[in-house]
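Asks: Take this structure, written in C-alpha coordinates, and hold onto it; I'll ask about it next.
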Amino acid sequence: GVTPVNCKDNTMLTLAIDQFGQIIGKINETRRESENLHRVVQVENNMKNKPAEFKLVAPNRVFVKEASMDCVKKNRRQPVFVFMFSDCV
(Lines give C-alpha, C1' and ligand atoms only; values in the text may rest on other atoms or scores of the structure.)
Protein backbone atom coordinates (compact mmCIF):
# COMPACT_ATOMS: atom_id res chain seq x y z
CA GLY A 1 0.00 0.00 0.00
CA VAL A 2 0.84 3.66 0.18
CA THR A 3 2.64 5.06 3.22
CA PRO A 4 0.51 7.78 4.84
CA VAL A 5 1.94 11.29 4.58
CA ASN A 6 1.95 11.70 8.36
CA CYS A 7 3.98 8.50 8.89
CA LYS A 8 7.39 9.17 10.46
CA ASP A 9 9.09 7.01 7.75
CA ASN A 10 7.41 8.76 4.83
CA THR A 11 10.24 11.24 4.19
CA MET A 12 12.94 8.58 4.31
CA LEU A 13 10.93 6.19 2.12
CA THR A 14 10.28 8.92 -0.44
CA LEU A 15 13.99 9.77 -0.47
CA ALA A 16 14.89 6.10 -0.88
CA ILE A 17 12.49 5.72 -3.81
CA ASP A 18 13.99 8.79 -5.50
CA GLN A 19 17.51 7.42 -5.01
CA PHE A 20 16.50 4.03 -6.41
CA GLY A 21 15.10 5.81 -9.45
CA GLN A 22 18.39 7.64 -10.00
CA ILE A 23 20.40 4.43 -9.60
CA ILE A 24 18.16 2.55 -12.02
CA GLY A 25 18.51 5.40 -14.52
CA LYS A 26 22.31 5.19 -14.31
CA ILE A 27 22.24 1.41 -14.67
CA ASN A 28 20.06 1.69 -17.78
CA GLU A 29 22.32 4.34 -19.29
CA THR A 30 25.41 2.22 -18.65
CA ARG A 31 23.67 -0.79 -20.20
CA ARG A 32 22.81 1.19 -23.35
CA GLU A 33 26.40 2.42 -23.62
CA SER A 34 27.70 -1.14 -23.21
CA GLU A 35 25.30 -2.50 -25.84
CA ASN A 36 26.33 0.29 -28.22
CA LEU A 37 30.03 -0.42 -27.72
CA HIS A 38 29.41 -4.13 -28.28
CA ARG A 39 27.59 -3.39 -31.56
CA VAL A 40 30.36 -1.09 -32.82
CA VAL A 41 32.96 -3.77 -32.00
CA GLN A 42 30.84 -6.38 -33.81
CA VAL A 43 30.64 -4.24 -36.93
CA GLU A 44 34.39 -3.56 -36.86
CA ASN A 45 35.22 -7.23 -36.39
CA ASN A 46 32.99 -8.25 -39.30
CA MET A 47 34.45 -5.73 -41.74
CA LYS A 48 36.48 -7.22 -44.56
CA ASN A 49 39.40 -5.67 -46.43
CA LYS A 50 39.94 -2.89 -43.93
CA PRO A 51 43.39 -1.42 -43.27
CA ALA A 52 45.03 -2.84 -40.14
CA GLU A 53 45.14 0.61 -38.53
CA PHE A 54 41.41 1.23 -39.13
CA LYS A 55 39.50 1.57 -35.86
CA LEU A 56 35.74 1.98 -35.85
CA VAL A 57 35.52 2.12 -32.06
CA ALA A 58 35.91 5.74 -30.97
CA PRO A 59 34.89 7.80 -27.95
CA ASN A 60 31.32 9.08 -28.21
CA ARG A 61 30.62 7.14 -31.44
CA VAL A 62 27.08 5.78 -31.34
CA PHE A 63 25.70 3.07 -33.61
CA VAL A 64 22.53 4.44 -35.20
CA LYS A 65 21.28 2.05 -37.86
CA GLU A 66 22.19 -0.56 -40.43
CA ALA A 67 20.61 -1.33 -43.78
CA SER A 68 21.18 -3.66 -46.67
CA MET A 69 21.16 -2.45 -50.23
CA ASP A 70 22.28 -3.53 -53.67
CA CYS A 71 25.44 -2.16 -55.16
CA VAL A 72 25.50 -2.34 -58.96
CA LYS A 73 28.87 -2.83 -60.62
CA LYS A 74 29.25 -3.71 -64.27
CA ASN A 75 25.55 -4.59 -64.50
CA ARG A 76 25.82 -7.01 -61.56
CA ARG A 77 24.00 -6.52 -58.29
CA GLN A 78 25.87 -7.24 -55.12
CA PRO A 79 24.28 -6.92 -51.69
CA VAL A 80 26.12 -4.62 -49.30
CA PHE A 81 25.48 -3.53 -45.75
CA VAL A 82 25.64 0.12 -44.75
CA PHE A 83 26.14 1.15 -41.14
CA MET A 84 25.31 4.58 -39.80
CA PHE A 85 27.01 6.01 -36.75
CA SER A 86 26.52 9.30 -34.97
CA ASP A 87 29.55 10.76 -36.73
CA CYS A 88 30.00 8.74 -39.95
CA VAL A 89 28.37 6.41 -42.47
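Here's how to read the names in the C-alpha coordinates: chain A, B, ... by the order shown, residue numbers from 1 in each chain, ligand numbers from 1 in the order shown.
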Would you list the contacts of stretch 72-83 of chain A as a PyMOL selection string, taking every protein, DNA or RNA residue within 12 Å and counting only C-alpha atoms, but skipping same-chain residues closer than 3 positions in sequence?
Replies: chain A and resi 39-40+42-44+46-48+56+62-69+86-89
Asks: Give the strand (DSSP E) residues of stretch 5-89 of chain A, as assigned by DSSP on the backbone, as a VMD selection string.
Replies: chain A and resid 63 to 73 76 to 85
Asks: Measure the distance from atom CA of A:Val41 to atom CA of A:Lys26 in Å and round it to one decimal.
Replies: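 According to the coordinates, atom CA of A:Val41 and atom CA of A:Lys26 are separated by 22.5 Å.
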Asks: Write down as a VMD selection string the residues belonging to chain A that are assigned helix (DSSP H, G or I) by DSSP computed on the backbone.
Replies: chain A and resid 10 to 46
Asks: What is the distance, in Å and to one decimal place, between atom CA of A:Met84 and atom CA of A:Arg31?
Replies: 20.4 Å
